[in-house]
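What follows is a set of notes on a single structure, which appears directly below.
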Number of protein chains: 2
Amino acid sequence: MESTVTATKRPDQAECAKAMIPVSDVLALIGGKWTIYVVTALVGGPMRFSELLRHIEGISQKMLTATLRDLEKDGFVSRKVTPSIPPRVDYELTDMGRELREPLKMLSHWAFTNRDRVDAARLKFEAAKLDG
Amino acid sequence: MESTVTATKRPDQAECAKAMIPVSDVLALIGGKWTIYVVTALVGGPMRFSELLRHIEGISQKMLTATLRDLEKDGFVSRKVTPSIPPRVDYELTDMGRELREPLKMLSHWAFTNRDRVDAARLKFEAAKLDG
DNA sequence: CGGAATCCTTCACGATACTG
DNA sequence: CAGTATCGTGAAGGATTCCG
């Protein structure tokens, strides 16, 4: 079956090269400074604009608006306006938005299990720099 | 055992809120414009600086240097100098760098299976904007 | 309340030139 | 060959003000 496979084949090279472009794309989609914070906040259910603003510490109203617009544009969140006085706008994750959680969980798991390795590498790098 | 658990608990909220910070960190680590290109190029094995420069289309030597420095600082790639004439520098993924492929594969898989959904959402968003 | 508009700062990135 | 140094640009993000 696999008698012709050589040890030097390295199929991952070409394979990953193709996959690289969409990865770059999705990174552009969720790579914004506040994107994952907004997505994560909405995982628990729909939220109003002002709720998000209070819930996500440090975000400005401008960036919240921009992030929500981008997420809406790409189909990750839906926007429902209730024309009352005062107006009410609810944001909610779409099905696709919720499915984002899977790859995000992978990333968070990786990040959590590797954070001290990264820290150690940084200290080592600093030390090596001082030694010359 | 779990008689006190209510239906409105939504454990994902708090759970994700904690995981959010490291996700944001790792996104900052690999969020650079060229980072995944460099990592992907190195998946096939060690490479010299000039090889990477030729292999990664469009990258400048400044950005390649900067990206490699960042990756080295965080422990994703190792740098081996051979003081010959002309000098030779080889870059290679560390174990941790190789482990990055798993979450990256998740992202690429997600991106690939969802790219037309994103496109559709964008068209719909554009159309809705024109309708007013 | 939920934005839009404006101004300003920072910084990532690109192009080019120079060096051990 | 493998960088460093310098300059310039645009986009991202922050603070503030105004509006329906």
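So you can find residues: chains in the structure tokens are A, B, ... in the order shown, residues in each start at 1, and ligands are numbered from 1 in order.
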Chain C residues near chain B within 9 Å, closest pair each, using only C-alpha atoms (C1' of nucleotides), as CSV:
```
residue,atom,partner,partner_atom,distance
C:DA12,C1',B:Gly32,CA,8.7
C:DC13,C1',B:Met63,CA,7.6
C:DG14,C1',B:Ser60,CA,7.7
C:DA15,C1',B:Ser60,CA,8.9
```
With C-alpha atoms (C1' of nucleotides) retained, write the just-selected residues as an mmCIF file, in the first residue's frame.
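The result, stored in result22.cif:
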```cif
data_model
loop_
_atom_site.group_PDB
_atom_site.id
_atom_site.type_symbol
_atom_site.label_atom_id
_atom_site.label_comp_id
_atom_site.auth_asym_id
_atom_site.auth_seq_id
_atom_site.Cartn_x
_atom_site.Cartn_y
_atom_site.Cartn_z
ATOM 1 C "C1'" DA C 12 3.385 47.750 11.952
ATOM 2 C "C1'" DC C 13 5.033 47.440 7.655
ATOM 3 C "C1'" DG C 14 7.498 48.644 3.242
ATOM 4 C "C1'" DA C 15 11.439 50.485 0.466
#
```
**Asked** Which residues, written as a PyMOL selection string, have at least one atom at most 12 Å from C:DC11, with only C-alpha atoms (C1' of nucleotides) counted and residues fewer than 4 positions away on the same chain left out?
**Response** chain D and resi 9-13
**Request:** Please determine the contact residues of chain B with respect to chain A at a cut-off of 9 Å, counting only C-alpha atoms, and supply them as number ranges by chain.
**Result:** B: 10-14, 16-17, 19-28, 30-31, 33-34, 36-37, 40-45, 72-76, 96, 99-100, 102-112, 114-115, 117-126
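Residues in contact with C:DC18 at up to 12 Å, not including ones fewer than 6 positions away on its chain and judged by only C-alpha atoms (C1' of nucleotides), are DG3, DT4, DA5 and DT6 of chain D.
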Check which residues of chain B sit at most 8 Å from chain D using only C-alpha atoms (C1' of nucleotides), and return one row each with the closest pair of atoms and their distance in Å to one decimal, ordered by chain and rising number, as a tab-separated table.
```
residue	atom	partner	partner_atom	distance
B:Phe49	CA	D:DA2	C1'	7.0
B:Ser50	CA	D:DC1	C1'	7.6
B:Thr65	CA	D:DG3	C1'	7.8
B:Pro86	CA	D:DC1	C1'	5.5
B:Pro87	CA	D:DC1	C1'	5.6
B:Arg88	CA	D:DC1	C1'	6.7
B:Val89	CA	D:DA2	C1'	7.5
```
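Least-squares fitting of chain A to chain B, using all C-alpha atoms matched in order, gives an RMSD of 0.6 Å.
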**Request:** Taking the DSSP assignment computed from this structure's backbone, write out as a list in words all residues of chain B that belong to strand (DSSP E).
**Result:** Met47, Arg48, Val77, Ser78, Arg79, Lys80, Val81, Thr82, Arg88, Val89, Asp90, Tyr91, Glu92 and Leu93 of chain B
Would you put the residues from that selection into a file with C-alpha atoms, as a compact mmCIF listing (two decimals), in the first residue's frame?
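The resulting file, again_17.txt, is reproduced below:
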```txt
# COMPACT_ATOMS: atom_id res chain seq x y z
CA MET B 47 15.92 26.66 6.46
CA ARG B 48 18.51 29.33 5.90
CA VAL B 77 12.13 28.75 16.38
CA SER B 78 15.78 28.20 17.12
CA ARG B 79 18.63 30.04 15.45
CA LYS B 80 21.91 28.31 14.67
CA VAL B 81 24.84 30.37 13.41
CA THR B 82 27.67 28.78 11.48
CA ARG B 88 25.34 30.69 7.45
CA VAL B 89 22.31 30.91 9.71
CA ASP B 90 19.76 28.14 9.98
CA TYR B 91 16.33 28.50 11.50
CA GLU B 92 14.34 25.57 12.76
CA LEU B 93 11.07 25.02 14.54
```
**Residue list (alpha helix (DSSP H), DSSP) for chain A, as a PyMOL selection string** = chain A and resi 12-30+35-42+49-55+61-73+95-99+101-131
**Asked** Which of these, B:Pro83, B:Arg98, B:Leu130, B:Gln61, has the shortest distance to B:Pro46 once you count only C-alpha atoms?
**Response** B:Arg98
